[in-house]
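S.K.: Can you keep this structure in mind? I'll have questions shortly.
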There are 2 protein chains.
Amino acid sequence: MKTRVVVTLKPGVLDPQGKAVHHALTGLGFGGVNDVRVGKIVELDLADGTATADIEDMCRKLLANTVIENFRIEQA
Amino acid sequence: MKTRVVVTLKPGVLDPQGKAVHHALTGLGFGGVNDVRVGKIVELDLADGTATADIEDMCRKLLANTVIENFRIEQA
């Protein structure tokens, strides 16, 4: 069972990596970019029937820092 | 216009970060994890009407290293 966990910085938390990408895109001549935020995606190949509660537990304990990051679980 | 670019390592490319996460999940007692791969997600806030070709261009020139990474463009 393939599951994706998307971890993104909470709104309001400074994102220097996103800022750098934004700056670089502008420098390369790409206009019309208003904002860039960079997050991470964790693709898990789990045993069938793994409960969503368990996946949330993984996120809270390891994959995301819930003080500054949000996570979203997407079943592929 | 919100657009997400998902950048993942190509199959067969070694993913030490994914291996480390896998190991840590097992160490925390989460069973049934077969594989973990870690990628990045770039959330772009673009001017309305930005062409998909332009976004692909951004990916090829900056966001992804197409030698070892695949990218996928998802309109939110």
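By order in the structure tokens, chains are A, B, ...; within a chain, residues start at 1; ligands start at 1, following the order shown.
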For a quick test of understanding: name the residues of chain B lying within 8 Å of chain A when counting only C-alpha atoms, and present them as a PyMOL selection string.
M.R.: chain B and resi 6+18+21+24-25+30+32-47+50+58+62-63
S.K.: Would you export the selected residues with C-alpha atoms as a short mmCIF file (atom, residue, chain, number, x, y, z; two decimals), in the first residue's frame, please?
M.R.:
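Saved the output as again.cif:
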```
data_model
loop_
_atom_site.label_atom_id
_atom_site.label_comp_id
_atom_site.auth_asym_id
_atom_site.auth_seq_id
_atom_site.Cartn_x
_atom_site.Cartn_y
_atom_site.Cartn_z
CA VAL B 6 6.85 17.02 -6.73
CA GLY B 18 14.74 7.33 2.93
CA VAL B 21 13.75 7.21 7.93
CA ALA B 24 14.17 5.04 12.44
CA LEU B 25 10.54 3.96 11.94
CA PHE B 30 6.43 0.67 13.52
CA GLY B 32 4.99 -3.30 8.18
CA VAL B 33 7.08 -0.60 6.52
CA ASN B 34 8.45 -2.07 3.29
CA ASP B 35 10.14 0.94 1.78
CA VAL B 36 10.55 4.68 2.30
CA ARG B 37 11.61 7.26 -0.26
CA VAL B 38 11.96 10.95 0.49
CA GLY B 39 11.46 13.66 -2.08
CA LYS B 40 10.71 17.35 -2.10
CA ILE B 41 7.68 19.38 -2.92
CA VAL B 42 7.81 22.93 -4.25
CA GLU B 43 4.62 24.95 -3.85
CA LEU B 44 4.57 27.78 -6.37
CA ASP B 45 2.18 30.71 -6.29
CA LEU B 46 2.23 31.80 -9.94
CA ALA B 47 0.52 34.52 -11.95
CA THR B 50 1.35 30.71 -16.53
CA MET B 58 11.54 25.91 -14.28
CA LEU B 62 16.32 24.72 -11.46
CA LEU B 63 13.94 22.63 -9.39
#
```
S.K.: Since chain A and chain B share a sequence, can you fit the second onto the first over all C-alpha atoms in order and output it as a CSV table (one decimal) with N, CA, C and O atoms, in the first residue's frame?
M.R.:
```csv
chain,number,residue,atom,x,y,z
B,1,MET,N,0.8,-1.2,0.0
B,1,MET,CA,0.0,0.0,0.0
B,1,MET,C,0.9,1.2,0.0
B,1,MET,O,1.7,1.4,0.9
B,2,LYS,N,0.7,2.1,-1.0
B,2,LYS,CA,1.5,3.2,-1.2
B,2,LYS,C,0.8,4.4,-0.5
B,2,LYS,O,-0.3,4.7,-0.8
B,3,THR,N,1.6,5.1,0.3
B,3,THR,CA,1.0,6.3,1.0
B,3,THR,C,2.0,7.4,0.9
B,3,THR,O,3.2,7.2,1.0
B,4,ARG,N,1.5,8.6,0.7
B,4,ARG,CA,2.4,9.8,0.6
B,4,ARG,C,2.1,10.7,1.8
B,4,ARG,O,1.0,10.9,2.1
B,5,VAL,N,3.2,11.1,2.4
B,5,VAL,CA,3.0,12.1,3.5
B,5,VAL,C,3.7,13.4,3.0
B,5,VAL,O,4.8,13.4,2.7
B,6,VAL,N,2.9,14.5,3.0
B,6,VAL,CA,3.4,15.8,2.6
B,6,VAL,C,3.6,16.6,3.8
B,6,VAL,O,2.7,16.8,4.6
B,7,VAL,N,4.9,17.0,4.0
B,7,VAL,CA,5.2,17.9,5.2
B,7,VAL,C,5.6,19.3,4.7
B,7,VAL,O,6.5,19.4,3.9
B,8,THR,N,4.8,20.3,5.2
B,8,THR,CA,5.1,21.6,4.8
B,8,THR,C,5.2,22.5,6.0
B,8,THR,O,4.7,22.2,7.0
B,9,LEU,N,6.0,23.6,5.8
B,9,LEU,CA,6.1,24.5,6.9
B,9,LEU,C,4.8,25.2,7.2
B,9,LEU,O,4.0,25.5,6.2
B,10,LYS,N,4.5,25.5,8.4
B,10,LYS,CA,3.2,26.2,8.7
B,10,LYS,C,3.3,27.6,8.1
B,10,LYS,O,4.4,28.2,8.0
B,11,PRO,N,2.1,28.2,7.8
B,11,PRO,CA,2.1,29.6,7.3
B,11,PRO,C,2.7,30.5,8.4
B,11,PRO,O,2.5,30.3,9.6
B,12,GLY,N,3.5,31.4,8.0
B,12,GLY,CA,4.1,32.3,9.0
B,12,GLY,C,5.5,31.9,9.4
B,12,GLY,O,6.3,32.7,9.9
B,13,VAL,N,5.9,30.6,9.2
B,13,VAL,CA,7.2,30.2,9.5
B,13,VAL,C,8.1,30.5,8.3
B,13,VAL,O,7.8,30.3,7.2
B,14,LEU,N,9.2,31.2,8.6
B,14,LEU,CA,10.2,31.6,7.6
B,14,LEU,C,10.7,30.4,6.8
B,14,LEU,O,11.0,29.4,7.4
B,15,ASP,N,10.8,30.6,5.5
B,15,ASP,CA,11.2,29.5,4.6
B,15,ASP,C,12.4,29.9,3.7
B,15,ASP,O,12.2,30.3,2.6
B,16,PRO,N,13.6,29.9,4.3
B,16,PRO,CA,14.7,30.4,3.5
B,16,PRO,C,15.0,29.7,2.2
B,16,PRO,O,15.4,30.3,1.2
B,17,GLN,N,14.7,28.3,2.2
B,17,GLN,CA,14.9,27.6,1.0
B,17,GLN,C,14.0,28.0,-0.1
B,17,GLN,O,14.4,28.2,-1.3
B,18,GLY,N,12.7,28.3,0.3
B,18,GLY,CA,11.7,28.8,-0.7
B,18,GLY,C,12.1,30.2,-1.2
B,18,GLY,O,12.0,30.4,-2.4
B,19,LYS,N,12.6,31.0,-0.3
B,19,LYS,CA,13.1,32.4,-0.7
B,19,LYS,C,14.2,32.2,-1.7
B,19,LYS,O,14.3,33.0,-2.7
B,20,ALA,N,15.1,31.3,-1.5
B,20,ALA,CA,16.3,31.1,-2.4
B,20,ALA,C,15.8,30.7,-3.7
B,20,ALA,O,16.3,31.2,-4.8
B,21,VAL,N,14.9,29.7,-3.8
B,21,VAL,CA,14.3,29.2,-5.0
B,21,VAL,C,13.6,30.4,-5.8
B,21,VAL,O,13.8,30.6,-7.0
B,22,HIS,N,12.8,31.2,-5.0
B,22,HIS,CA,12.1,32.3,-5.6
B,22,HIS,C,13.1,33.3,-6.3
B,22,HIS,O,13.0,33.7,-7.5
B,23,HIS,N,14.2,33.6,-5.5
B,23,HIS,CA,15.2,34.5,-6.0
B,23,HIS,C,15.9,33.9,-7.3
B,23,HIS,O,16.1,34.7,-8.3
B,24,ALA,N,16.2,32.6,-7.2
B,24,ALA,CA,16.9,32.0,-8.4
B,24,ALA,C,16.0,32.0,-9.6
B,24,ALA,O,16.4,32.2,-10.7
B,25,LEU,N,14.6,31.7,-9.4
B,25,LEU,CA,13.7,31.7,-10.6
B,25,LEU,C,13.7,33.1,-11.2
B,25,LEU,O,13.7,33.2,-12.4
B,26,THR,N,13.6,34.1,-10.3
B,26,THR,CA,13.5,35.5,-10.9
B,26,THR,C,14.8,35.8,-11.6
B,26,THR,O,14.8,36.3,-12.7
B,27,GLY,N,16.0,35.4,-11.1
B,27,GLY,CA,17.2,35.6,-11.7
B,27,GLY,C,17.3,34.9,-13.1
B,27,GLY,O,18.0,35.3,-14.0
B,28,LEU,N,16.7,33.7,-13.2
B,28,LEU,CA,16.7,33.0,-14.5
B,28,LEU,C,15.7,33.6,-15.5
B,28,LEU,O,15.6,33.1,-16.6
B,29,GLY,N,15.0,34.6,-15.1
B,29,GLY,CA,14.1,35.3,-16.0
B,29,GLY,C,12.6,34.8,-16.0
B,29,GLY,O,11.8,35.2,-16.8
B,30,PHE,N,12.3,34.0,-15.0
B,30,PHE,CA,10.9,33.6,-14.9
B,30,PHE,C,10.1,34.6,-14.1
B,30,PHE,O,10.3,34.8,-12.9
B,31,GLY,N,9.2,35.3,-14.8
B,31,GLY,CA,8.4,36.3,-14.1
B,31,GLY,C,7.1,35.7,-13.6
B,31,GLY,O,6.9,34.5,-13.8
B,32,GLY,N,6.4,36.5,-12.9
B,32,GLY,CA,5.0,36.0,-12.4
B,32,GLY,C,5.1,35.0,-11.3
B,32,GLY,O,4.1,34.3,-11.1
B,33,VAL,N,6.2,34.9,-10.6
B,33,VAL,CA,6.3,34.0,-9.5
B,33,VAL,C,6.0,34.9,-8.2
B,33,VAL,O,6.8,35.8,-7.9
B,34,ASN,N,4.9,34.6,-7.5
B,34,ASN,CA,4.5,35.4,-6.4
B,34,ASN,C,5.2,34.9,-5.1
B,34,ASN,O,5.6,35.6,-4.2
B,35,ASP,N,5.2,33.6,-5.0
B,35,ASP,CA,5.7,33.0,-3.7
B,35,ASP,C,6.1,31.5,-4.0
B,35,ASP,O,5.6,30.9,-4.9
B,36,VAL,N,7.1,31.1,-3.2
B,36,VAL,CA,7.6,29.7,-3.3
B,36,VAL,C,7.8,29.2,-1.9
B,36,VAL,O,8.4,29.9,-1.1
B,37,ARG,N,7.3,28.0,-1.7
B,37,ARG,CA,7.5,27.3,-0.4
B,37,ARG,C,8.0,25.9,-0.7
B,37,ARG,O,7.5,25.3,-1.6
B,38,VAL,N,9.0,25.5,0.0
B,38,VAL,CA,9.5,24.1,-0.2
B,38,VAL,C,9.2,23.2,1.0
B,38,VAL,O,9.3,23.6,2.1
B,39,GLY,N,8.7,22.1,0.7
B,39,GLY,CA,8.4,21.1,1.7
B,39,GLY,C,9.0,19.8,1.4
B,39,GLY,O,9.8,19.7,0.4
B,40,LYS,N,8.7,18.7,2.1
B,40,LYS,CA,9.2,17.4,1.7
B,40,LYS,C,8.0,16.4,1.6
B,40,LYS,O,6.9,16.6,2.2
B,41,ILE,N,8.3,15.4,0.9
B,41,ILE,CA,7.3,14.4,0.6
B,41,ILE,C,7.9,13.0,1.0
B,41,ILE,O,9.1,12.7,0.6
B,42,VAL,N,7.2,12.2,1.8
B,42,VAL,CA,7.7,10.9,2.2
B,42,VAL,C,6.8,9.9,1.6
B,42,VAL,O,5.6,9.9,1.9
B,43,GLU,N,7.4,9.1,0.7
B,43,GLU,CA,6.6,8.0,0.1
B,43,GLU,C,6.8,6.7,0.8
B,43,GLU,O,7.9,6.2,0.8
B,44,LEU,N,5.7,6.2,1.4
B,44,LEU,CA,5.8,5.0,2.3
B,44,LEU,C,5.2,3.8,1.5
B,44,LEU,O,4.1,4.0,1.0
B,45,ASP,N,5.9,2.7,1.5
B,45,ASP,CA,5.3,1.5,1.0
B,45,ASP,C,5.0,0.7,2.3
B,45,ASP,O,5.9,0.1,2.9
B,46,LEU,N,3.7,0.6,2.6
B,46,LEU,CA,3.3,0.0,3.9
B,46,LEU,C,2.6,-1.3,3.7
B,46,LEU,O,2.0,-1.5,2.6
B,47,ALA,N,2.6,-2.2,4.7
B,47,ALA,CA,1.8,-3.4,4.6
B,47,ALA,C,0.3,-3.0,4.5
B,47,ALA,O,-0.2,-2.0,5.0
B,48,ASP,N,-0.4,-3.8,3.7
B,48,ASP,CA,-1.8,-3.6,3.4
B,48,ASP,C,-2.6,-3.5,4.8
B,48,ASP,O,-2.3,-4.3,5.7
B,49,GLY,N,-3.5,-2.6,4.9
B,49,GLY,CA,-4.3,-2.5,6.1
B,49,GLY,C,-3.7,-1.7,7.2
B,49,GLY,O,-4.2,-1.8,8.3
B,50,THR,N,-2.6,-1.1,7.0
B,50,THR,CA,-2.0,-0.2,8.0
B,50,THR,C,-3.0,0.9,8.3
B,50,THR,O,-3.5,1.6,7.4
B,51,ALA,N,-3.3,1.1,9.6
B,51,ALA,CA,-4.4,2.1,10.0
B,51,ALA,C,-3.8,3.5,9.8
B,51,ALA,O,-2.6,3.8,9.9
B,52,THR,N,-4.8,4.4,9.4
B,52,THR,CA,-4.4,5.8,9.2
B,52,THR,C,-3.9,6.4,10.6
B,52,THR,O,-3.0,7.2,10.6
B,53,ALA,N,-4.4,5.9,11.7
B,53,ALA,CA,-3.9,6.4,13.0
B,53,ALA,C,-2.5,6.1,13.2
B,53,ALA,O,-1.7,6.9,13.8
B,54,ASP,N,-2.0,4.9,12.7
B,54,ASP,CA,-0.6,4.5,12.8
B,54,ASP,C,0.3,5.5,12.0
B,54,ASP,O,1.4,5.9,12.4
B,55,ILE,N,-0.2,5.8,10.8
B,55,ILE,CA,0.5,6.7,9.9
B,55,ILE,C,0.6,8.1,10.5
B,55,ILE,O,1.7,8.7,10.5
B,56,GLU,N,-0.5,8.5,11.1
B,56,GLU,CA,-0.4,9.8,11.8
B,56,GLU,C,0.6,9.8,13.0
B,56,GLU,O,1.3,10.8,13.2
B,57,ASP,N,0.6,8.7,13.6
B,57,ASP,CA,1.6,8.5,14.7
B,57,ASP,C,3.0,8.6,14.2
B,57,ASP,O,3.9,9.2,14.9
B,58,MET,N,3.3,8.0,13.1
B,58,MET,CA,4.6,8.1,12.5
B,58,MET,C,5.0,9.5,12.2
B,58,MET,O,6.1,10.0,12.4
B,59,CYS,N,4.0,10.3,11.7
B,59,CYS,CA,4.2,11.7,11.3
B,59,CYS,C,4.5,12.5,12.6
B,59,CYS,O,5.5,13.3,12.6
B,60,ARG,N,3.7,12.3,13.6
B,60,ARG,CA,3.9,13.0,14.9
B,60,ARG,C,5.2,12.7,15.6
B,60,ARG,O,5.8,13.6,16.1
B,61,LYS,N,5.6,11.4,15.5
B,61,LYS,CA,6.8,11.0,16.2
B,61,LYS,C,8.1,11.2,15.5
B,61,LYS,O,9.1,11.4,16.1
B,62,LEU,N,8.0,11.2,14.1
B,62,LEU,CA,9.3,11.2,13.4
B,62,LEU,C,9.3,12.1,12.2
B,62,LEU,O,10.2,12.9,12.0
B,63,LEU,N,8.2,12.0,11.3
B,63,LEU,CA,8.3,12.6,10.0
B,63,LEU,C,8.2,14.1,10.0
B,63,LEU,O,8.7,14.8,9.2
B,64,ALA,N,7.3,14.6,10.9
B,64,ALA,CA,7.1,16.1,10.9
B,64,ALA,C,7.4,16.7,12.3
B,64,ALA,O,7.3,16.0,13.3
B,65,ASN,N,7.9,17.9,12.3
B,65,ASN,CA,8.0,18.6,13.6
B,65,ASN,C,6.8,19.5,13.7
B,65,ASN,O,6.7,20.6,13.1
B,66,THR,N,5.8,19.0,14.5
B,66,THR,CA,4.5,19.7,14.5
B,66,THR,C,4.5,21.0,15.1
B,66,THR,O,3.5,21.7,15.1
B,67,VAL,N,5.6,21.5,15.7
B,67,VAL,CA,5.7,22.9,16.2
B,67,VAL,C,5.7,23.8,15.0
B,67,VAL,O,5.0,24.9,15.0
B,68,ILE,N,6.4,23.5,14.0
B,68,ILE,CA,6.6,24.4,12.8
B,68,ILE,C,6.1,23.8,11.5
B,68,ILE,O,6.0,24.5,10.5
B,69,GLU,N,5.7,22.5,11.5
B,69,GLU,CA,5.3,21.9,10.2
B,69,GLU,C,3.9,21.3,10.3
B,69,GLU,O,3.5,20.8,11.4
B,70,ASN,N,3.2,21.4,9.2
B,70,ASN,CA,1.9,20.6,9.0
B,70,ASN,C,2.2,19.4,8.2
B,70,ASN,O,3.2,19.3,7.4
B,71,PHE,N,1.4,18.3,8.4
B,71,PHE,CA,1.5,17.2,7.5
B,71,PHE,C,0.2,16.8,7.0
B,71,PHE,O,-0.9,17.1,7.6
B,72,ARG,N,0.2,16.1,5.8
B,72,ARG,CA,-1.0,15.7,5.2
B,72,ARG,C,-0.8,14.3,4.6
B,72,ARG,O,0.3,14.0,4.1
B,73,ILE,N,-1.7,13.4,4.9
B,73,ILE,CA,-1.5,12.0,4.5
B,73,ILE,C,-2.4,11.8,3.2
B,73,ILE,O,-3.6,12.1,3.2
B,74,GLU,N,-1.8,11.3,2.1
B,74,GLU,CA,-2.5,11.1,0.9
B,74,GLU,C,-2.3,9.7,0.5
B,74,GLU,O,-1.2,9.2,0.3
B,75,GLN,N,-3.5,9.0,0.3
B,75,GLN,CA,-3.4,7.6,-0.2
B,75,GLN,C,-3.2,7.6,-1.7
B,75,GLN,O,-4.0,8.3,-2.4
B,76,ALA,N,-2.3,6.9,-2.2
B,76,ALA,CA,-2.0,6.9,-3.6
B,76,ALA,C,-3.0,6.0,-4.4
B,76,ALA,O,-3.5,5.1,-3.8
```
S.K.: Mind listing the helix (DSSP H, G or I) residues of chain B, per DSSP on the backbone, as a PDB file with N, CA and C atoms, in the first residue's frame?
M.R.:
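File written: selection_31.pdb
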```
ATOM      1  N   PRO B  16      19.624   7.619   0.672  1.00  0.00           N
ATOM      2  CA  PRO B  16      20.070   7.429   2.052  1.00  0.00           C
ATOM      3  C   PRO B  16      19.113   8.033   3.081  1.00  0.00           C
ATOM      4  N   GLN B  17      18.476   9.160   2.713  1.00  0.00           N
ATOM      5  CA  GLN B  17      17.538   9.799   3.648  1.00  0.00           C
ATOM      6  C   GLN B  17      16.339   8.878   3.896  1.00  0.00           C
ATOM      7  N   GLY B  18      15.843   8.277   2.801  1.00  0.00           N
ATOM      8  CA  GLY B  18      14.745   7.327   2.929  1.00  0.00           C
ATOM      9  C   GLY B  18      15.143   6.122   3.770  1.00  0.00           C
ATOM     10  N   LYS B  19      16.348   5.624   3.544  1.00  0.00           N
ATOM     11  CA  LYS B  19      16.858   4.486   4.325  1.00  0.00           C
ATOM     12  C   LYS B  19      16.902   4.831   5.806  1.00  0.00           C
ATOM     13  N   ALA B  20      17.362   6.047   6.112  1.00  0.00           N
ATOM     14  CA  ALA B  20      17.471   6.476   7.506  1.00  0.00           C
ATOM     15  C   ALA B  20      16.093   6.561   8.155  1.00  0.00           C
ATOM     16  N   VAL B  21      15.118   7.104   7.405  1.00  0.00           N
ATOM     17  CA  VAL B  21      13.747   7.205   7.934  1.00  0.00           C
ATOM     18  C   VAL B  21      13.177   5.811   8.176  1.00  0.00           C
ATOM     19  N   HIS B  22      13.408   4.912   7.215  1.00  0.00           N
ATOM     20  CA  HIS B  22      12.933   3.533   7.333  1.00  0.00           C
ATOM     21  C   HIS B  22      13.488   2.888   8.611  1.00  0.00           C
ATOM     22  N   HIS B  23      14.790   3.043   8.784  1.00  0.00           N
ATOM     23  CA  HIS B  23      15.472   2.478   9.950  1.00  0.00           C
ATOM     24  C   HIS B  23      14.901   3.060  11.246  1.00  0.00           C
ATOM     25  N   ALA B  24      14.686   4.379  11.243  1.00  0.00           N
ATOM     26  CA  ALA B  24      14.175   5.041  12.440  1.00  0.00           C
ATOM     27  C   ALA B  24      12.757   4.583  12.752  1.00  0.00           C
ATOM     28  N   LEU B  25      11.915   4.412  11.713  1.00  0.00           N
ATOM     29  CA  LEU B  25      10.535   3.956  11.936  1.00  0.00           C
ATOM     30  C   LEU B  25      10.545   2.563  12.556  1.00  0.00           C
ATOM     31  N   THR B  26      11.405   1.697  12.013  1.00  0.00           N
ATOM     32  CA  THR B  26      11.507   0.339  12.567  1.00  0.00           C
ATOM     33  C   THR B  26      11.960   0.414  14.023  1.00  0.00           C
ATOM     34  N   GLY B  27      12.944   1.258  14.288  1.00  0.00           N
ATOM     35  CA  GLY B  27      13.451   1.423  15.646  1.00  0.00           C
ATOM     36  C   GLY B  27      12.393   1.922  16.613  1.00  0.00           C
ATOM     37  N   THR B  52       2.003  25.667 -18.711  1.00  0.00           N
ATOM     38  CA  THR B  52       2.637  24.459 -18.163  1.00  0.00           C
ATOM     39  C   THR B  52       4.045  24.303 -18.712  1.00  0.00           C
ATOM     40  N   ALA B  53       4.242  24.720 -19.962  1.00  0.00           N
ATOM     41  CA  ALA B  53       5.582  24.628 -20.569  1.00  0.00           C
ATOM     42  C   ALA B  53       6.591  25.448 -19.770  1.00  0.00           C
ATOM     43  N   ASP B  54       6.153  26.622 -19.273  1.00  0.00           N
ATOM     44  CA  ASP B  54       7.047  27.457 -18.466  1.00  0.00           C
ATOM     45  C   ASP B  54       7.401  26.764 -17.155  1.00  0.00           C
ATOM     46  N   ILE B  55       6.395  26.117 -16.558  1.00  0.00           N
ATOM     47  CA  ILE B  55       6.642  25.437 -15.279  1.00  0.00           C
ATOM     48  C   ILE B  55       7.608  24.272 -15.503  1.00  0.00           C
ATOM     49  N   GLU B  56       7.426  23.559 -16.612  1.00  0.00           N
ATOM     50  CA  GLU B  56       8.348  22.464 -16.938  1.00  0.00           C
ATOM     51  C   GLU B  56       9.766  22.993 -17.119  1.00  0.00           C
ATOM     52  N   ASP B  57       9.851  24.147 -17.721  1.00  0.00           N
ATOM     53  CA  ASP B  57      11.138  24.806 -17.931  1.00  0.00           C
ATOM     54  C   ASP B  57      11.807  25.118 -16.587  1.00  0.00           C
ATOM     55  N   MET B  58      11.012  25.637 -15.630  1.00  0.00           N
ATOM     56  CA  MET B  58      11.539  25.911 -14.279  1.00  0.00           C
ATOM     57  C   MET B  58      12.084  24.634 -13.655  1.00  0.00           C
ATOM     58  N   CYS B  59      11.328  23.540 -13.830  1.00  0.00           N
ATOM     59  CA  CYS B  59      11.748  22.258 -13.243  1.00  0.00           C
ATOM     60  C   CYS B  59      13.063  21.814 -13.842  1.00  0.00           C
ATOM     61  N   ARG B  60      13.149  21.883 -15.177  1.00  0.00           N
ATOM     62  CA  ARG B  60      14.340  21.390 -15.865  1.00  0.00           C
ATOM     63  C   ARG B  60      15.562  22.252 -15.563  1.00  0.00           C
ATOM     64  N   LYS B  61      15.337  23.565 -15.427  1.00  0.00           N
ATOM     65  CA  LYS B  61      16.480  24.459 -15.234  1.00  0.00           C
ATOM     66  C   LYS B  61      16.907  24.591 -13.781  1.00  0.00           C
ATOM     67  N   LEU B  62      15.969  24.428 -12.843  1.00  0.00           N
ATOM     68  CA  LEU B  62      16.324  24.723 -11.463  1.00  0.00           C
ATOM     69  C   LEU B  62      15.823  23.708 -10.443  1.00  0.00           C
ATOM     70  N   LEU B  63      14.544  23.347 -10.520  1.00  0.00           N
ATOM     71  CA  LEU B  63      13.939  22.630  -9.393  1.00  0.00           C
ATOM     72  C   LEU B  63      14.362  21.166  -9.301  1.00  0.00           C
TER      73      LEU B  63
END
```
S.K.: Name the residues of chain A that come out as strand (DSSP E) in a backbone DSSP run; write them as a PyMOL selection string.
M.R.: chain A and resi 2-9+33-46+69-75
